[in-house]
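> Got a structure for you, upload_3.txt, holding compact mmCIF, C-alpha atoms.
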```
# COMPACT_ATOMS: atom_id res chain seq x y z
CA MET A 1 17.14 -52.43 36.44
CA ALA A 2 14.18 -50.61 34.82
CA TYR A 3 14.62 -46.94 34.09
CA GLN A 4 13.03 -44.71 36.73
CA VAL A 5 11.49 -41.52 35.33
CA LYS A 6 12.40 -38.35 37.21
CA ALA A 7 9.83 -35.56 37.56
CA ALA A 8 12.38 -32.96 36.43
CA GLU A 9 12.97 -34.87 33.19
CA VAL A 10 9.23 -35.11 32.51
CA SER A 11 8.88 -31.38 33.14
CA LYS A 12 11.79 -30.58 30.82
CA LEU A 13 10.34 -32.71 28.03
CA ARG A 14 6.91 -31.16 28.49
CA ASN A 15 8.36 -27.64 28.30
CA SER A 16 10.26 -28.57 25.15
CA THR A 17 7.39 -30.24 23.28
CA GLY A 18 4.16 -29.08 24.91
CA ALA A 19 3.08 -32.72 25.27
CA GLY A 20 1.04 -33.93 28.25
CA MET A 21 2.68 -35.25 31.42
CA MET A 22 1.70 -38.87 30.79
CA ASP A 23 2.80 -38.77 27.14
CA CYS A 24 6.17 -37.37 28.23
CA LYS A 25 6.54 -40.01 30.92
CA LYS A 26 5.74 -42.83 28.48
CA ALA A 27 8.17 -41.45 25.89
CA LEU A 28 10.99 -41.22 28.45
CA VAL A 29 10.34 -44.78 29.63
CA GLU A 30 10.36 -46.04 26.03
CA ALA A 31 13.56 -44.07 25.34
CA GLU A 32 15.11 -45.33 28.60
CA GLY A 33 15.89 -41.76 29.64
CA ASP A 34 17.39 -40.59 26.32
CA PHE A 35 15.95 -37.09 26.03
CA ASP A 36 16.50 -36.66 22.27
CA LYS A 37 15.04 -40.10 21.59
CA ALA A 38 12.00 -39.24 23.71
CA ILE A 39 11.45 -36.10 21.62
CA GLU A 40 11.68 -38.21 18.46
CA ILE A 41 9.12 -40.67 19.86
CA LEU A 42 6.69 -37.83 20.53
CA ARG A 43 7.26 -36.36 17.05
CA LYS A 44 6.58 -39.73 15.42
CA LYS A 45 3.35 -39.88 17.39
CA GLY A 46 2.52 -36.45 15.97
CA GLN A 47 3.26 -37.67 12.44
CA LYS A 48 0.96 -40.65 12.93
CA VAL A 49 -1.89 -38.49 14.27
CA ALA A 50 -1.34 -35.96 11.47
CA ALA A 51 -1.49 -38.71 8.83
CA ASN A 52 -4.72 -40.08 10.32
CA ARG A 53 -6.32 -36.63 10.35
CA ALA A 54 -4.97 -35.31 7.04
CA ASP A 55 -8.43 -35.20 5.44
CA ARG A 56 -10.03 -33.29 8.33
CA GLU A 57 -11.25 -29.70 7.87
CA THR A 58 -9.68 -26.99 10.02
CA THR A 59 -12.75 -24.76 10.27
CA GLU A 60 -11.84 -23.33 13.69
CA GLY A 61 -8.69 -21.66 14.98
CA ALA A 62 -7.11 -18.44 16.21
CA VAL A 63 -6.52 -15.37 14.04
CA ILE A 64 -3.57 -13.41 15.45
CA ALA A 65 -2.17 -10.05 14.36
CA ALA A 66 1.38 -9.03 15.34
CA VAL A 67 3.39 -5.86 14.69
CA ASN A 68 7.18 -5.47 14.88
CA SER A 69 8.93 -3.28 17.47
CA ASP A 70 9.19 -0.18 15.28
CA ALA A 71 5.60 -0.55 13.97
CA THR A 72 6.60 -0.68 10.30
CA LYS A 73 5.49 -4.24 9.57
CA GLY A 74 2.53 -6.32 10.62
CA VAL A 75 1.34 -9.87 9.97
CA VAL A 76 -1.90 -11.75 10.43
CA VAL A 77 -1.55 -15.50 10.88
CA THR A 78 -4.41 -17.95 11.30
CA LEU A 79 -3.57 -21.18 13.10
CA GLY A 80 -6.33 -23.57 12.12
CA CYS A 81 -7.71 -26.47 14.15
CA GLU A 82 -10.78 -28.70 13.99
CA THR A 83 -12.90 -27.66 16.99
CA ASP A 84 -13.83 -24.51 18.89
CA PHE A 85 -12.87 -26.30 22.11
CA VAL A 86 -9.22 -26.43 21.02
CA ALA A 87 -9.36 -22.92 19.51
CA LYS A 88 -10.19 -21.52 22.96
CA ASN A 89 -7.45 -23.46 24.74
CA GLU A 90 -4.79 -21.20 26.28
CA ASP A 91 -1.89 -23.35 25.04
CA PHE A 92 -3.27 -23.29 21.50
CA VAL A 93 -3.69 -19.49 21.53
CA GLU A 94 -0.17 -19.15 22.97
CA LEU A 95 1.19 -21.30 20.12
CA ALA A 96 -0.69 -19.19 17.56
CA THR A 97 0.72 -16.02 19.13
CA ARG A 98 4.28 -17.40 19.04
CA LEU A 99 3.83 -18.32 15.39
CA ALA A 100 2.53 -14.83 14.53
CA GLN A 101 5.46 -13.16 16.29
CA LYS A 102 7.89 -15.41 14.45
CA ALA A 103 6.14 -14.72 11.13
CA LEU A 104 7.22 -11.06 11.34
CA ASP A 105 10.66 -12.16 10.12
CA PHE A 106 9.31 -13.58 6.85
CA LYS A 107 7.67 -12.33 3.65
CA ASP A 108 5.69 -15.39 2.64
CA LYS A 109 4.10 -18.51 4.06
CA ASP A 110 6.41 -21.06 2.37
CA GLU A 111 9.56 -19.40 3.73
CA PHE A 112 7.94 -19.21 7.16
CA LEU A 113 6.94 -22.89 7.22
CA LYS A 114 10.51 -23.96 6.39
CA SER A 115 12.08 -21.79 9.11
CA ASP A 116 13.43 -23.10 12.42
CA MET A 117 11.29 -23.24 15.56
CA ASP A 118 12.56 -25.05 18.64
CA GLY A 119 15.12 -26.96 16.58
CA ILE A 120 12.68 -28.14 13.88
CA SER A 121 10.84 -26.46 11.01
CA VAL A 122 7.57 -24.66 11.66
CA GLU A 123 5.92 -27.28 9.44
CA ASP A 124 7.27 -30.07 11.65
CA LYS A 125 6.30 -28.10 14.75
CA LEU A 126 2.69 -28.14 13.56
CA THR A 127 2.93 -31.90 13.05
CA GLU A 128 4.44 -32.31 16.53
CA GLN A 129 1.65 -30.25 18.09
CA THR A 130 -0.97 -32.23 16.17
CA GLY A 131 0.20 -35.21 18.21
CA VAL A 132 0.07 -33.17 21.41
CA ILE A 133 -3.36 -31.63 20.80
CA GLY A 134 -4.93 -34.50 18.88
CA GLU A 135 -6.35 -32.36 16.05
CA LYS A 136 -5.11 -31.36 12.61
CA LEU A 137 -3.29 -28.01 12.72
CA ASP A 138 -2.34 -25.80 9.78
CA ILE A 139 -1.52 -22.23 8.81
CA LYS A 140 -4.65 -21.06 7.01
CA ASN A 141 -3.68 -17.40 6.46
CA PHE A 142 -0.41 -15.52 6.21
CA GLU A 143 -0.86 -11.82 5.39
CA VAL A 144 1.82 -9.12 5.56
CA LEU A 145 1.48 -5.32 5.61
CA GLU A 146 4.34 -2.82 5.59
CA ALA A 147 3.98 0.97 5.99
CA PRO A 148 5.60 3.93 7.78
CA PHE A 149 3.29 3.04 10.69
CA VAL A 150 1.31 -0.18 11.18
CA GLY A 151 -1.31 -0.80 13.85
CA SER A 152 -3.45 -3.83 14.63
CA TYR A 153 -6.58 -5.12 16.33
CA ILE A 154 -7.66 -8.63 17.33
CA HIS A 155 -11.37 -9.08 17.99
CA ASN A 156 -12.41 -10.89 21.18
CA GLY A 157 -12.21 -14.65 20.70
CA ASN A 158 -9.44 -14.41 18.08
CA LYS A 159 -11.89 -14.90 15.20
CA ILE A 160 -11.07 -11.65 13.35
CA ALA A 161 -7.87 -9.63 13.12
CA ALA A 162 -6.95 -6.51 11.16
CA LEU A 163 -3.93 -4.40 10.26
CA VAL A 164 -3.89 -0.79 9.08
CA GLY A 165 -0.97 1.07 7.52
CA LEU A 166 -0.63 4.85 7.87
CA SER A 167 1.46 7.16 5.71
CA GLU A 168 3.56 8.39 8.63
CA SER A 169 4.38 7.83 12.29
CA PHE A 170 3.24 10.54 14.70
CA GLU A 171 2.18 11.03 18.30
CA GLY A 172 -1.09 9.17 18.69
CA ALA A 173 -0.57 7.03 15.57
CA ASP A 174 -0.97 3.85 17.61
CA GLU A 175 -4.47 4.85 18.76
CA VAL A 176 -5.52 6.00 15.28
CA ALA A 177 -4.27 2.79 13.64
CA LYS A 178 -5.97 0.64 16.27
CA ASN A 179 -9.27 2.52 15.90
CA VAL A 180 -9.22 2.18 12.13
CA SER A 181 -8.28 -1.50 12.50
CA MET A 182 -11.39 -1.92 14.69
CA GLN A 183 -13.40 -0.26 11.90
CA VAL A 184 -11.95 -2.74 9.40
CA ALA A 185 -12.78 -5.69 11.66
CA ALA A 186 -16.34 -4.51 12.29
CA MET A 187 -17.35 -3.13 8.89
CA ASN A 188 -15.39 -5.42 6.54
CA PRO A 189 -14.72 -2.94 3.68
CA LEU A 190 -14.18 -4.37 0.20
CA ALA A 191 -11.30 -2.02 -0.55
CA LEU A 192 -9.41 1.04 0.64
CA SER A 193 -11.00 3.37 -1.96
CA GLU A 194 -13.14 3.22 -5.11
CA GLU A 195 -9.97 3.09 -7.22
CA LYS A 196 -9.06 -0.21 -5.54
CA ILE A 197 -12.35 -1.96 -6.33
CA ASP A 198 -12.23 -4.35 -9.28
CA GLN A 199 -13.98 -2.98 -12.37
CA GLN A 200 -16.02 -6.18 -12.69
CA VAL A 201 -17.50 -5.54 -9.23
CA ILE A 202 -18.36 -1.95 -10.22
CA ASP A 203 -19.97 -3.08 -13.50
CA LYS A 204 -22.03 -5.65 -11.63
CA GLU A 205 -23.24 -3.05 -9.10
CA ILE A 206 -24.25 -0.70 -11.93
CA GLU A 207 -26.21 -3.48 -13.63
CA ILE A 208 -27.95 -4.41 -10.36
CA ALA A 209 -28.86 -0.76 -9.80
CA LYS A 210 -30.26 -0.41 -13.33
CA ASP A 211 -32.33 -3.58 -12.97
CA GLN A 212 -33.83 -2.26 -9.72
CA LEU A 213 -34.63 1.08 -11.37
CA ARG A 214 -36.30 -0.64 -14.32
CA GLN A 215 -38.47 -2.63 -11.91
CA GLU A 216 -39.43 0.66 -10.27
CA GLY A 217 -40.55 1.94 -13.68
CA LYS A 218 -37.82 4.57 -14.14
CA PRO A 219 -37.30 5.73 -17.77
CA GLU A 220 -34.34 4.14 -19.57
CA ALA A 221 -32.86 7.58 -20.31
CA MET A 222 -32.55 8.29 -16.57
CA LEU A 223 -30.90 5.01 -15.60
CA ASP A 224 -27.27 6.07 -16.11
CA GLN A 225 -27.62 9.18 -13.98
CA ILE A 226 -29.56 7.57 -11.14
CA SER A 227 -27.33 4.48 -11.09
CA LYS A 228 -24.31 6.76 -10.55
CA GLY A 229 -25.88 7.94 -7.31
CA LYS A 230 -26.44 4.35 -6.20
CA LEU A 231 -22.85 3.53 -7.11
CA ASN A 232 -21.60 6.40 -4.93
CA LYS A 233 -23.66 4.98 -2.06
CA PHE A 234 -22.03 1.59 -2.71
CA PHE A 235 -18.56 3.19 -2.51
CA LYS A 236 -19.49 4.96 0.73
CA ASP A 237 -20.60 1.71 2.33
CA ASN A 238 -17.81 -0.51 1.04
CA THR A 239 -14.59 1.53 0.85
CA LEU A 240 -12.68 2.10 4.07
CA ILE A 241 -11.81 5.77 3.64
CA HIS A 242 -15.42 6.70 2.78
CA GLN A 243 -17.20 4.56 5.37
CA GLU A 244 -18.83 6.38 8.27
CA TYR A 245 -16.46 6.17 11.23
CA ILE A 246 -18.19 3.89 13.74
CA MET A 247 -16.71 5.65 16.78
CA GLY A 248 -17.52 9.18 15.57
CA GLU A 249 -20.54 11.22 14.57
CA LYS A 250 -21.28 11.64 10.84
CA GLN A 251 -17.59 11.60 9.99
CA SER A 252 -15.85 9.44 7.40
CA VAL A 253 -12.84 7.31 8.35
CA LYS A 254 -10.68 9.52 6.12
CA ASP A 255 -11.88 12.67 7.92
CA TYR A 256 -11.31 11.06 11.32
CA VAL A 257 -7.67 10.30 10.47
CA SER A 258 -7.13 13.83 9.09
CA SER A 259 -8.69 15.36 12.20
CA VAL A 260 -6.01 13.77 14.38
CA LYS A 261 -3.08 14.66 12.10
CA ASN A 262 -3.59 16.70 8.97
CA GLY A 263 -2.11 15.14 5.84
CA VAL A 264 -1.96 11.58 7.19
CA GLU A 265 -3.45 8.94 4.89
CA ILE A 266 -4.39 5.30 5.20
CA ILE A 267 -2.10 3.39 2.85
CA ASP A 268 -3.61 -0.10 3.07
CA PHE A 269 -5.33 -2.60 5.34
CA VAL A 270 -5.59 -6.33 5.93
CA ARG A 271 -8.58 -8.16 7.39
CA VAL A 272 -8.70 -11.90 8.13
CA SER A 273 -11.59 -13.81 9.66
CA LEU A 274 -12.38 -17.46 10.26
```
What's the structure tokens form of this structure?

Amino acid sequence: MAYQVKAAEVSKLRNSTGAGMMDCKKALVEAEGDFDKAIEILRKKGQKVAANRADRETTEGAVIAAVNSDATKGVVVTLGCETDFVAKNEDFVELATRLAQKALDFKDKDEFLKSDMDGISVEDKLTEQTGVIGEKLDIKNFEVLEAPFVGSYIHNGNKIAALVGLSESFEGADEVAKNVSMQVAAMNPLALSEEKIDQQVIDKEIEIAKDQLRQEGKPEAMLDQISKGKLNKFFKDNTLIHQEYIMGEKQSVKDYVSSVKNGVEIIDFVRVSL
């Protein structure tokens, strides 16, 4: 007598693997009701799809920031996929969010990929879900930030996410960290402060400034002094603490943070975009 698939078994397999109803039904029929064998069948399908799509580019995806319960550690994880259609899918975003939450327990991407998720490694989970979704999936970014207080922001559409670390936890720190994270997402600073900008970048900016001044006919003897002013403008535009706070009036980000709690500093930030 042929095996008769029960709706409850299909639902259980779907909840376990995320696969579609028909794929689950076919796997159960092929496995003659053996649940573990049905899971293996679906995973092998994922491996086959993954192998066929190995050379595809994952130019789309979801960038998710997550912060631990005591707000001392944050991560940004990008789950990459091939198309914007998949990137906007609720199940895909839910998977990316689960992965980001799980990533809080790890310090680097390799350790994270080898860790257990639903009885298999994260790496194998991505392969499994490649079979479910039908597109190549991978972890494109894995960034960690630790500080006395960490806040986050995810821009609408999950295309940009940011973390900001503050020097202490205080009443209202969550709002401050989120606001500064929004600044980071919107204004994309090169570094926290001028001290954090690579000297090669500074040298290049000075040379660009001098070339512009020469074209304007400025005397060579004045170039060093005038280029310093241009360099200060570059720092103001491109370092987080000196940028004009986008939600305030003629106030730097550093001054905004100090105005909420005197003595608090921004320790570091992370920004990831697709």
> Give me the range 113-183 of chain A side of the contact with range 241-250 of chain A, cut-off 10 Å, one line per residue showing its nearest atom pair and distance in Å at one decimal, counting all atoms listed in the file, sorted by chain and residue number, as CSV.

```
residue,atom,partner,partner_atom,distance
A:Asn179,CA,A:Met247,CA,8.1
A:Val180,CA,A:Tyr245,CA,8.3
A:Met182,CA,A:Ile246,CA,9.0
A:Gln183,CA,A:Ile246,CA,6.6
```
> For Asn15 in chain A, find every residue with an atom within 12 Å (counting all atoms listed in the file), except residues of its own chain fewer than 5 positions away, and show them as JSON, numbers by chain.
{"A": [8, 9, 10, 20, 21, 24, 39, 91, 118]}
> Tell me which protein, DNA and RNA residues are within 9 Å of Thr127 in chain A, counting only C-alpha atoms, leaving out same-chain ones fewer than 6 positions away, and put them as a ChimeraX atom specification.
/A:43-44,46-50,136-138
> Selected residues, C-alpha atoms, written as a PDB file, in the coordinates of the input, please.

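Below is the file result-v4.pdb, written as the result:
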```pdb
ATOM      1  CA  ARG A  43       7.260 -36.360  17.050  1.00  0.00           C
ATOM      2  CA  LYS A  44       6.580 -39.730  15.420  1.00  0.00           C
ATOM      3  CA  GLY A  46       2.520 -36.450  15.970  1.00  0.00           C
ATOM      4  CA  GLN A  47       3.260 -37.670  12.440  1.00  0.00           C
ATOM      5  CA  LYS A  48       0.960 -40.650  12.930  1.00  0.00           C
ATOM      6  CA  VAL A  49      -1.890 -38.490  14.270  1.00  0.00           C
ATOM      7  CA  ALA A  50      -1.340 -35.960  11.470  1.00  0.00           C
ATOM      8  CA  LYS A 136      -5.110 -31.360  12.610  1.00  0.00           C
ATOM      9  CA  LEU A 137      -3.290 -28.010  12.720  1.00  0.00           C
ATOM     10  CA  ASP A 138      -2.340 -25.800   9.780  1.00  0.00           C
TER      11      ASP A 138
END
```
> Tell me, as a list in words, which residues lie within 12 Å of Ser69 in chain A, counting all atoms listed in the file; anything in the same chain fewer than 5 positions away does not count.
Gly74, Gln101, Leu104, Asp105, Phe149, Val150 and Gly151 of chain A
> Could you check how far CA of Ala161 in chain A sits from CA of Asp108 in chain A, in Å to one decimal?
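These two atoms are separated by 18.1 Å.
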> Show me, as a PDB file with C-alpha atoms, in the frame of the given file, the residues that have an atom within 7 Å of range 168-170 of chain A when counting only C-alpha atoms, minus same-chain residues fewer than 2 positions from it.

```
ATOM      1  CA  PRO A 148       5.600   3.930   7.780  1.00  0.00           C
ATOM      2  CA  PHE A 149       3.290   3.040  10.690  1.00  0.00           C
ATOM      3  CA  LEU A 166      -0.630   4.850   7.870  1.00  0.00           C
ATOM      4  CA  GLY A 172      -1.090   9.170  18.690  1.00  0.00           C
ATOM      5  CA  ALA A 173      -0.570   7.030  15.570  1.00  0.00           C
ATOM      6  CA  VAL A 264      -1.960  11.580   7.190  1.00  0.00           C
TER       7      VAL A 264
END
```
> So how far away is CA of Leu240 in chain A from CA of Val253 in chain A, in Å?
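Value for the CA of Val253 in chain A-CA of Leu240 in chain A distance: 6.7 Å.
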> Which residue, A:Lys236, A:Val75, A:Glu265, A:Lys228, has the smallest gap to Gln251 in chain A when you use only C-alpha atoms?
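Ranked by minimum distance to Gln251 in chain A, first place goes to A:Lys236.
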> Please report the interatomic distance between CA of Met117 in chain A and CA of Arg98 in chain A in Å with one decimal.
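These two atoms are separated by 9.8 Å.
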> With only C-alpha atoms as the atoms that count, which of A:Glu195, A:Glu60, A:Glu90, A:Glu30 lies nearest to Ile139 in chain A?
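Among A:Glu195, A:Glu60, A:Glu90, A:Glu30, it is A:Glu60 that comes nearest to Ile139 in chain A.
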> Provide range 181-203 of chain A rebuilt to N, CA and C atoms, formatted as a CSV table (one decimal), in the coordinates of the input.

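The result, written out as part.csv:
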```
chain,number,residue,atom,x,y,z
A,181,SER,N,-8.3,0.0,12.6
A,181,SER,CA,-8.3,-1.5,12.5
A,181,SER,C,-9.6,-2.1,13.1
A,182,MET,N,-10.1,-1.5,14.1
A,182,MET,CA,-11.4,-1.9,14.7
A,182,MET,C,-12.5,-1.7,13.7
A,183,GLN,N,-12.4,-0.6,13.0
A,183,GLN,CA,-13.4,-0.3,11.9
A,183,GLN,C,-13.3,-1.4,10.8
A,184,VAL,N,-12.1,-1.7,10.4
A,184,VAL,CA,-12.0,-2.7,9.4
A,184,VAL,C,-12.5,-4.1,9.9
A,185,ALA,N,-12.3,-4.4,11.1
A,185,ALA,CA,-12.8,-5.7,11.7
A,185,ALA,C,-14.3,-5.7,11.7
A,186,ALA,N,-14.9,-4.6,12.1
A,186,ALA,CA,-16.3,-4.5,12.3
A,186,ALA,C,-17.1,-4.4,11.0
A,187,MET,N,-16.6,-3.5,10.1
A,187,MET,CA,-17.4,-3.1,8.9
A,187,MET,C,-16.9,-3.8,7.6
A,188,ASN,N,-15.8,-4.6,7.6
A,188,ASN,CA,-15.4,-5.4,6.5
A,188,ASN,C,-15.4,-4.7,5.2
A,189,PRO,N,-14.7,-3.6,5.0
A,189,PRO,CA,-14.7,-2.9,3.7
A,189,PRO,C,-14.2,-3.8,2.6
A,190,LEU,N,-14.7,-3.6,1.4
A,190,LEU,CA,-14.2,-4.4,0.2
A,190,LEU,C,-12.8,-3.9,-0.2
A,191,ALA,N,-12.6,-2.6,-0.1
A,191,ALA,CA,-11.3,-2.0,-0.6
A,191,ALA,C,-11.0,-0.7,0.2
A,192,LEU,N,-9.8,-0.2,0.0
A,192,LEU,CA,-9.4,1.0,0.6
A,192,LEU,C,-10.2,2.2,0.1
A,193,SER,N,-10.3,2.3,-1.3
A,193,SER,CA,-11.0,3.4,-2.0
A,193,SER,C,-11.7,2.8,-3.2
A,194,GLU,N,-12.4,3.7,-3.9
A,194,GLU,CA,-13.1,3.2,-5.1
A,194,GLU,C,-12.2,2.8,-6.2
A,195,GLU,N,-11.0,3.4,-6.2
A,195,GLU,CA,-10.0,3.1,-7.2
A,195,GLU,C,-9.4,1.7,-7.0
A,196,LYS,N,-9.6,1.1,-5.8
A,196,LYS,CA,-9.1,-0.2,-5.5
A,196,LYS,C,-10.1,-1.3,-5.8
A,197,ILE,N,-11.3,-0.9,-6.1
A,197,ILE,CA,-12.4,-2.0,-6.3
A,197,ILE,C,-12.3,-2.4,-7.8
A,198,ASP,N,-12.3,-3.7,-7.9
A,198,ASP,CA,-12.2,-4.4,-9.3
A,198,ASP,C,-13.3,-3.8,-10.2
A,199,GLN,N,-13.0,-3.5,-11.4
A,199,GLN,CA,-14.0,-3.0,-12.4
A,199,GLN,C,-15.2,-3.9,-12.6
A,200,GLN,N,-14.9,-5.2,-12.5
A,200,GLN,CA,-16.0,-6.2,-12.7
A,200,GLN,C,-17.1,-6.0,-11.6
A,201,VAL,N,-16.6,-5.7,-10.4
A,201,VAL,CA,-17.5,-5.5,-9.2
A,201,VAL,C,-18.3,-4.3,-9.5
A,202,ILE,N,-17.7,-3.2,-9.9
A,202,ILE,CA,-18.4,-2.0,-10.2
A,202,ILE,C,-19.4,-2.2,-11.3
A,203,ASP,N,-19.0,-2.8,-12.4
A,203,ASP,CA,-20.0,-3.1,-13.5
A,203,ASP,C,-21.2,-3.9,-13.0
```
